[in-house]
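J.: Can you keep this structure in mind? I'll have questions shortly.
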Amino acid sequence: VPEDAHDLKSLEGDIVIHELDVLDHGQIQALAKTLRREAIDVLLNNAGIYGPKPSKLGGIAYDTWEEVMRINVMSPLKVCEAFRDHVSANEMKKIAVMSSKMGSMSDNDSGASYIYRSSKAALNAVMKSLSVDLKSRGISVAILHPGWVRTDMGGSGGLIGAPESVLGLRRAIENLTLENSGHFYNYDGSEIPW
């Protein structure tokens with residue numbers, strides 16, 4: 001809720017905080033309508049959940065898989081769909097989504113994590129399609145892996161801190177063009193194999 005967004009409120013600049021439940025597609029549409037006169041430089045989708053742990057063979061929580069797919073795959077697409085006019089009204093015309101290297105087929109050497117991996121692989125496929133569909137409007141799409149970051153989700157064993165991740169992600173978004181739209185990038189700028 002906006003009242004609890006103390007860290008955001010402490011930032012300098014003209015910041016307006018809107019409450020949004022990404023599972024509520026009506027709320028997404030309503031916010032897009034409220035902001036219809038606002039051009040967006042970069043639309044960044046970063047909402048996501050890991051889902052139940054452990055997610056390994058013999059212990060998969062099939063009943064919660066759908067919720068993870070709705071949050072990690074369907075909701076980002078709905079946000080992009082609702083705000084595409086806002087993005088195309090700006091010079092930058094960029095959309096970025098937080099994915100995960102765990103959605104890479106080529107990089108999967110450890111197995112398990114079925115629910116999270118499948119949601120990120122699906123997100124990658126959806127965003128690749130979106131990059132093709134929005135190219136004619138001049139909108140480029142970045143699929144990003146933030147690295148294994150020391151956060152609530154990444155845990156204390158993460159390899160990098162949030163400042164390093166954010167710096168790299170900002171650089172990746174800055175380097176996004178129509179020519180490299182739809183590609184899957186690590187926070188350090190290297191391309192991740194599908």
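We label chains A, B, ... in the order they appear in the structure tokens, count residues from 1 in each chain, and number ligands from 1 in the order shown.
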Write out as CSV the residues of segment 38-64 of chain A that have any atom within 10 Å of an atom of segment 140-145 of chain A, one row each with the nearest atom pair and its distance in Å to one decimal, counting only C-alpha atoms, sorted by chain and then rising number.

T.:
residue,atom,partner,partner_atom,distance
A:Val42,CA,A:Val141,CA,9.7
A:Leu43,CA,A:Val141,CA,9.4
A:Leu44,CA,A:Ala142,CA,9.4
A:Asn45,CA,A:Ile143,CA,9.9
A:Asn46,CA,A:Leu144,CA,9.8

J.: Based on DSSP run over this structure's backbone, return all residues of segment 1-192 of chain A in strand (DSSP E or B), as a list in words.

T.: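 The residues of segment 1-192 of chain A classed as strand (DSSP E or B) are Val42, Leu43, Leu44, Asn45, Lys94, Ile95, Ala96, Val97, Met98, Ser140, Val141, Ala142, Ile143, Leu144, His145, Val149, Ile160, Phe184, Tyr185, Asn186 and Glu191 of chain A.
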
J.: Counting only C-alpha atoms, which of A:Val132, A:Met127, A:Ala112, A:Leu167 gets nearest to Ile60 of chain A?

T.: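 For Ile60 of chain A, the nearest of the given residues is A:Ala112.
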
J.: Fewer than 4 positions away in the same chain doesn't count, so skip those; otherwise give me all residues within 9 Å of segment 170-178 of chain A, counting only C-alpha atoms, as JSON, numbers by chain.

T.: {"A": [42, 94, 95, 96, 131, 135, 138, 139, 140, 141, 142, 144, 165, 166, 182, 185, 186, 187, 188, 189]}

J.: With all heavy atoms retained, write the just-selected residues as a compact mmCIF listing (two decimals), in the first residue's frame.

T.:
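Dumped to part_33.txt:
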# COMPACT_ATOMS: atom_id res chain seq x y z
N VAL A 42 10.28 4.34 -19.56
CA VAL A 42 10.58 2.91 -19.44
C VAL A 42 9.51 2.27 -18.56
O VAL A 42 9.33 2.69 -17.41
CB VAL A 42 11.97 2.67 -18.81
CG1 VAL A 42 12.22 1.17 -18.63
CG2 VAL A 42 13.07 3.31 -19.63
N LYS A 94 10.56 2.12 -24.28
CA LYS A 94 11.21 0.91 -23.79
C LYS A 94 10.35 0.21 -22.73
O LYS A 94 9.75 0.85 -21.88
CB LYS A 94 12.57 1.25 -23.17
CG LYS A 94 13.56 1.79 -24.19
CD LYS A 94 14.90 2.07 -23.58
CE LYS A 94 15.86 2.59 -24.65
NZ LYS A 94 17.23 2.71 -24.15
N ILE A 95 10.34 -1.11 -22.84
CA ILE A 95 9.70 -1.98 -21.84
C ILE A 95 10.76 -2.96 -21.37
O ILE A 95 11.51 -3.52 -22.18
CB ILE A 95 8.50 -2.74 -22.43
CG1 ILE A 95 7.36 -1.78 -22.79
CG2 ILE A 95 8.01 -3.83 -21.47
CD1 ILE A 95 6.19 -2.44 -23.50
N ALA A 96 10.84 -3.15 -20.06
CA ALA A 96 11.77 -4.13 -19.49
C ALA A 96 11.03 -5.00 -18.49
O ALA A 96 10.17 -4.52 -17.76
CB ALA A 96 12.94 -3.41 -18.81
N SER A 131 7.96 -8.35 -28.18
CA SER A 131 8.97 -7.54 -28.87
C SER A 131 8.71 -7.51 -30.37
O SER A 131 8.93 -6.49 -31.02
CB SER A 131 10.38 -8.06 -28.57
OG SER A 131 10.66 -9.25 -29.26
N LYS A 135 7.30 -3.93 -32.33
CA LYS A 135 8.38 -3.34 -33.12
C LYS A 135 7.85 -2.28 -34.08
O LYS A 135 8.48 -1.22 -34.24
CB LYS A 135 9.12 -4.44 -33.89
CG LYS A 135 10.42 -3.96 -34.49
CD LYS A 135 11.25 -5.11 -35.01
CE LYS A 135 12.65 -4.62 -35.29
NZ LYS A 135 13.58 -5.71 -35.51
N GLY A 138 7.71 1.03 -32.67
CA GLY A 138 8.99 1.58 -32.24
C GLY A 138 9.33 1.27 -30.79
O GLY A 138 10.23 1.87 -30.21
N ILE A 139 8.62 0.31 -30.19
CA ILE A 139 8.85 -0.05 -28.79
C ILE A 139 9.79 -1.25 -28.73
O ILE A 139 9.58 -2.27 -29.38
CB ILE A 139 7.52 -0.39 -28.07
CG1 ILE A 139 6.60 0.83 -28.06
CG2 ILE A 139 7.79 -0.88 -26.65
CD1 ILE A 139 5.20 0.55 -27.51
N SER A 140 10.84 -1.11 -27.91
CA SER A 140 11.79 -2.21 -27.71
C SER A 140 11.55 -2.85 -26.35
O SER A 140 11.11 -2.19 -25.41
CB SER A 140 13.23 -1.72 -27.84
OG SER A 140 13.46 -0.61 -27.02
N VAL A 141 11.82 -4.14 -26.26
CA VAL A 141 11.53 -4.94 -25.07
C VAL A 141 12.80 -5.66 -24.61
O VAL A 141 13.45 -6.34 -25.40
CB VAL A 141 10.42 -5.98 -25.35
CG1 VAL A 141 10.15 -6.85 -24.13
CG2 VAL A 141 9.14 -5.30 -25.83
N ALA A 142 13.13 -5.49 -23.32
CA ALA A 142 14.28 -6.17 -22.73
C ALA A 142 13.80 -7.21 -21.73
O ALA A 142 12.92 -6.94 -20.91
CB ALA A 142 15.19 -5.17 -22.02
N LEU A 144 15.25 -9.31 -18.71
CA LEU A 144 16.43 -9.12 -17.87
C LEU A 144 16.52 -10.10 -16.71
O LEU A 144 15.51 -10.44 -16.09
CB LEU A 144 16.44 -7.70 -17.31
CG LEU A 144 16.39 -6.58 -18.34
CD1 LEU A 144 16.20 -5.24 -17.65
CD2 LEU A 144 17.66 -6.58 -19.19
N SER A 165 23.41 -4.84 -8.97
CA SER A 165 22.40 -5.34 -9.89
C SER A 165 21.70 -4.18 -10.60
O SER A 165 21.56 -4.17 -11.82
CB SER A 165 21.38 -6.20 -9.15
OG SER A 165 20.35 -6.60 -10.00
N VAL A 166 21.27 -3.21 -9.83
CA VAL A 166 20.52 -2.07 -10.39
C VAL A 166 21.37 -1.30 -11.38
O VAL A 166 20.90 -0.91 -12.46
CB VAL A 166 19.99 -1.16 -9.27
CG1 VAL A 166 19.45 0.14 -9.83
CG2 VAL A 166 18.92 -1.88 -8.46
N GLY A 182 13.85 -7.95 -27.52
CA GLY A 182 13.43 -9.34 -27.42
C GLY A 182 14.54 -10.28 -27.01
O GLY A 182 14.32 -11.49 -26.94
N TYR A 185 18.93 -10.77 -21.35
CA TYR A 185 20.22 -10.25 -20.88
C TYR A 185 20.43 -10.43 -19.38
O TYR A 185 19.50 -10.25 -18.59
CB TYR A 185 20.35 -8.76 -21.19
CG TYR A 185 20.50 -8.49 -22.66
CD1 TYR A 185 19.42 -8.02 -23.40
CD2 TYR A 185 21.70 -8.71 -23.32
CE1 TYR A 185 19.54 -7.77 -24.76
CE2 TYR A 185 21.84 -8.48 -24.67
CZ TYR A 185 20.75 -8.00 -25.39
OH TYR A 185 20.88 -7.78 -26.73
N ASN A 186 21.67 -10.71 -19.03
CA ASN A 186 22.10 -10.72 -17.64
C ASN A 186 22.32 -9.28 -17.21
O ASN A 186 22.53 -8.40 -18.06
CB ASN A 186 23.41 -11.52 -17.54
CG ASN A 186 23.75 -11.93 -16.13
OD1 ASN A 186 22.97 -11.73 -15.21
ND2 ASN A 186 24.93 -12.48 -15.95
N TYR A 187 22.32 -9.02 -15.91
CA TYR A 187 22.52 -7.67 -15.40
C TYR A 187 23.86 -7.07 -15.84
O TYR A 187 24.02 -5.85 -15.93
CB TYR A 187 22.44 -7.65 -13.87
CG TYR A 187 23.67 -8.21 -13.20
CD1 TYR A 187 24.69 -7.39 -12.76
CD2 TYR A 187 23.83 -9.59 -13.04
CE1 TYR A 187 25.84 -7.92 -12.17
CE2 TYR A 187 24.96 -10.12 -12.46
CZ TYR A 187 25.96 -9.29 -12.04
OH TYR A 187 27.09 -9.80 -11.48
N ASP A 188 24.84 -7.92 -16.19
CA ASP A 188 26.15 -7.41 -16.59
C ASP A 188 26.22 -7.12 -18.09
O ASP A 188 27.28 -6.79 -18.63
CB ASP A 188 27.26 -8.39 -16.20
CG ASP A 188 27.16 -9.73 -16.92
OD1 ASP A 188 26.30 -9.91 -17.81
OD2 ASP A 188 27.96 -10.63 -16.57
N GLY A 189 25.09 -7.26 -18.79
CA GLY A 189 25.03 -6.95 -20.21
C GLY A 189 25.24 -8.14 -21.13
O GLY A 189 24.99 -8.05 -22.32

J.: Could you tell me which of A:Glu91, A:Asp14, A:Asp107, A:Asp63 comes closest to Ile192 of chain A if we count only C-alpha atoms?

T.: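 Distance minimum relative to Ile192 of chain A lands on A:Asp107.
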